[in-house]
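These notes concern the structure reproduced below.
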Amino acid sequence: MTAISLGIPTVPTRLAERRKSRQIQVGSVAVGGDAPVSVQSMTTTRTSDIGATLQQIAELTASGCQIVRVACPTQDDADALATIARKSQIPVIADIHFQPKYVFAAIDAGCAAVRVNPGNIKQFDDKVKEIAKAAGDARVPIRIGVNAGSLDARLLKKYGKATPEALVESALWEASLFEEHGFRDIKISVKHNDPVVMVEAYRQLAAQCDYPLHLGVTEAGPAFQGTIKSAVAFGALLSQGIGDTIRVSLSAPPAEEIKVGIQILESLNLRQRRLEIVSCPSCGRAQVDVYKLAEEVTAGLDGMTVPLRVAVMGCVVNGPGEAREADLGVASGNGKGQIFVKGEVIKTVPESKIVETLIEEALKIAEQMEKDGVESGEPTIAVAG
């Protein structure tokens, strides 16, 4: 009998060749080159409140965040950086605006990288030589973070508004100043709140330099709107091999940004998938409450890290086929559900027992996967560098 491959593909489909970028090291995380696309977020606490900031970083780490950024608008925040950088489980980037002196404070504090916004740091260009020397000596990368909302006044006057060309010119101009002093340990972002402008800016930037790129739709909005805008923009770029690290900017708790970012990467096969629920949208043919079933199964399997595809289907049209193609599935109807494991019906249970049976079987499969050495949902390279 010919074996049929079921469930999540072991070799992800490749949408595009990865853009060739230079690689930098942000603490323990490689960014660019052939390194996996990493997921970042930013704390919402006052950085000077060391305990609260470290607690939020711990929560982000548990959610899968790989790099965290902390704001540094005051001297009290700068004074807290050394303790936070030392105690954080993941690399810490200091986010610097307005005051170039805090760039040096962040480097001295041992931060893994520093983000600078040249558009709102007064006389920033005059400080580049000193910053390049300090960062180079400490082997600390610099992210040149250009934002539409704080674009250099000279470029606003030239272009009239924050066009893709204006964002790119700003970023490359600042990068060239660092290059004059032999510093190339640089990552660049050109963020805009409009996904169309943002995508075009990154496309132009990717064609004009080999620096690793940090993707972001700035001020993306509340959770639903921001998720859609980020998914559209990141999908457009990552599917073309553009992007080395991402941050989903939401008006929501930072851990939600990580969930969305990870899901975007998993959906593009840029990261090994973990739990995936395949469920129908429901229709007049459904004879069970598919919404409730899917939610209960998702909640029951929350935290599962093995790559497991579970199909929760509500009728006999697509149900059996989808359930058969998943690692585990149910085709429901007439008050009962057929439970499929690896393509075979193993039992039929009453509707009231569907959720607990699926969870029980999922745990069995997960246990066997772990015994067989199947990797968890840690980042893996899915496209060629």
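By convention here, the chains of the structure tokens are called A, B, ... in the order presented, each chain's residues are numbered starting at 1, and ligands are numbered starting at 1 in the order presented.
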Give the strand (DSSP E or B) residues of region 172-268 of chain A, as assigned by DSSP on the backbone, as a PyMOL selection string.
chain A and resi 186-192+213-215+217+222+245-247+251
Could the residues in this selection be saved with N, CA, C and O atoms as a compact mmCIF listing (two decimals), in the first residue's frame?
# COMPACT_ATOMS: atom_id res chain seq x y z
N ILE A 186 24.39 47.59 11.17
CA ILE A 186 23.17 48.41 11.10
C ILE A 186 21.98 47.56 10.69
O ILE A 186 22.08 46.65 9.86
N LYS A 187 20.85 47.89 11.26
CA LYS A 187 19.55 47.36 10.84
C LYS A 187 18.67 48.58 10.55
O LYS A 187 18.81 49.61 11.21
N ILE A 188 17.77 48.47 9.58
CA ILE A 188 16.98 49.63 9.17
C ILE A 188 15.49 49.31 9.18
O ILE A 188 15.07 48.20 8.84
N SER A 189 14.70 50.31 9.58
CA SER A 189 13.25 50.22 9.41
C SER A 189 12.74 51.53 8.83
O SER A 189 13.29 52.60 9.11
N VAL A 190 11.71 51.44 8.00
CA VAL A 190 11.06 52.63 7.41
C VAL A 190 9.55 52.44 7.58
O VAL A 190 8.86 51.98 6.68
N LYS A 191 9.06 52.83 8.72
CA LYS A 191 7.67 52.53 9.08
C LYS A 191 6.70 53.63 8.68
O LYS A 191 7.02 54.81 8.72
N HIS A 192 5.50 53.18 8.33
CA HIS A 192 4.41 54.09 7.97
C HIS A 192 3.12 53.44 8.42
O HIS A 192 3.03 52.21 8.51
N LEU A 213 16.50 44.18 7.49
CA LEU A 213 15.37 45.09 7.61
C LEU A 213 14.41 44.63 8.70
O LEU A 213 14.04 43.46 8.77
N HIS A 214 14.01 45.59 9.52
CA HIS A 214 13.02 45.35 10.57
C HIS A 214 11.68 45.86 10.05
O HIS A 214 11.55 47.05 9.75
N LEU A 215 10.68 44.99 9.92
CA LEU A 215 9.39 45.36 9.35
C LEU A 215 8.43 45.83 10.43
O LEU A 215 8.37 45.26 11.52
N VAL A 217 4.40 48.15 10.63
CA VAL A 217 3.40 49.16 10.26
C VAL A 217 3.20 49.98 11.52
O VAL A 217 2.63 49.50 12.50
N PRO A 222 -5.99 49.54 16.78
CA PRO A 222 -6.50 48.53 17.70
C PRO A 222 -6.26 47.12 17.18
O PRO A 222 -5.92 46.92 16.01
N THR A 245 13.26 40.74 10.60
CA THR A 245 12.67 40.73 11.93
C THR A 245 11.43 41.60 11.88
O THR A 245 11.34 42.50 11.04
N ILE A 246 10.43 41.30 12.73
CA ILE A 246 9.15 42.00 12.63
C ILE A 246 8.66 42.43 14.01
O ILE A 246 8.98 41.83 15.03
N ARG A 247 7.87 43.51 14.00
CA ARG A 247 7.11 43.88 15.19
C ARG A 247 5.70 44.28 14.74
O ARG A 247 5.52 45.16 13.90
N SER A 251 -2.54 48.51 19.48
CA SER A 251 -3.03 49.15 20.69
C SER A 251 -3.65 48.05 21.54
O SER A 251 -4.87 47.94 21.69
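If you count only C-alpha atoms and ignore residues fewer than 5 places along the chain from Thr227 (chain A), what sits within 12 Å of it is A:Pro195, A:Gly216, A:Val217, A:Thr218, A:Glu219, A:Ala220, A:Gly221, A:Pro222, A:Val232, A:Ala233, A:Phe234, A:Gly235, A:Arg247, A:Val248, A:Ser249, A:Leu250, A:Ser251, A:Ala252, A:Glu256, A:Glu257, A:Ile258, A:Lys259, A:Val260, A:Gly261, A:Ile262, A:Gln263, A:Ile264.
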If we count only C-alpha atoms, what is near Ala148 (chain A) at a cut-off of 12 Å, once residues fewer than 2 positions away on the same chain are taken out, given as a PyMOL selection string?
chain A and resi 117-120+145-146+150-153+155-156+160-168+170-171+189-195+197-198+201+216-219
List every residue of region 75-150 of chain A that has an atom at most 9 Å from any atom of region 20-25 of chain A, giving for each one its closest atom pair and the distance in Å to one decimal, counting only C-alpha atoms, sorted by chain and then by ascending residue number, as CSV.
residue,atom,partner,partner_atom,distance
A:Ala112,CA,A:Gln25,CA,8.4
A:Ala113,CA,A:Gln25,CA,8.9
A:Arg139,CA,A:Gln25,CA,8.8
A:Val140,CA,A:Gln25,CA,8.3
A:Pro141,CA,A:Ile24,CA,7.1
Among region 185-220 of chain A, which residues carry a DSSP assignment of helix (DSSP H, G or I), reported as a PyMOL selection string?
chain A and resi 195-208
For region 333-347 of chain A, work out the shell of residues within 7 Å, counting only C-alpha atoms and skipping chain neighbours fewer than 3 positions away, then give it as a list in words.
Leu6, Gln287, Val288, Gly314, Cys315, Ala323, Arg324, Glu325, Ala326, Asp327, Leu328, Gly329, Val330, Pro350, Glu351 and Ile354 of chain A
Residue subset to file, keeping C-alpha atoms, as a compact mmCIF listing (two decimals), in the first residue's frame:
# COMPACT_ATOMS: atom_id res chain seq x y z
CA LEU A 6 -1.03 13.71 6.03
CA GLN A 287 -25.72 20.23 12.45
CA VAL A 288 -23.49 21.21 15.39
CA GLY A 314 -19.52 20.62 11.04
CA CYS A 315 -21.09 18.74 8.13
CA ALA A 323 -10.68 15.57 8.98
CA ARG A 324 -8.90 12.85 7.03
CA GLU A 325 -6.19 15.23 5.82
CA ALA A 326 -5.37 16.49 9.34
CA ASP A 327 -3.36 14.78 12.06
CA LEU A 328 -6.56 14.68 14.08
CA GLY A 329 -10.10 15.65 13.16
CA VAL A 330 -13.81 15.35 13.66
CA PRO A 350 -21.81 11.62 20.94
CA GLU A 351 -21.67 15.35 20.31
CA ILE A 354 -16.37 15.43 20.90
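From CA of Val39 (chain A) back to CA of Ser267 (chain A), the distance works out to 14.0 Å.
The coordinates place CA of Val26 (chain A) at 13.7 Å from CA of Ala106 (chain A).
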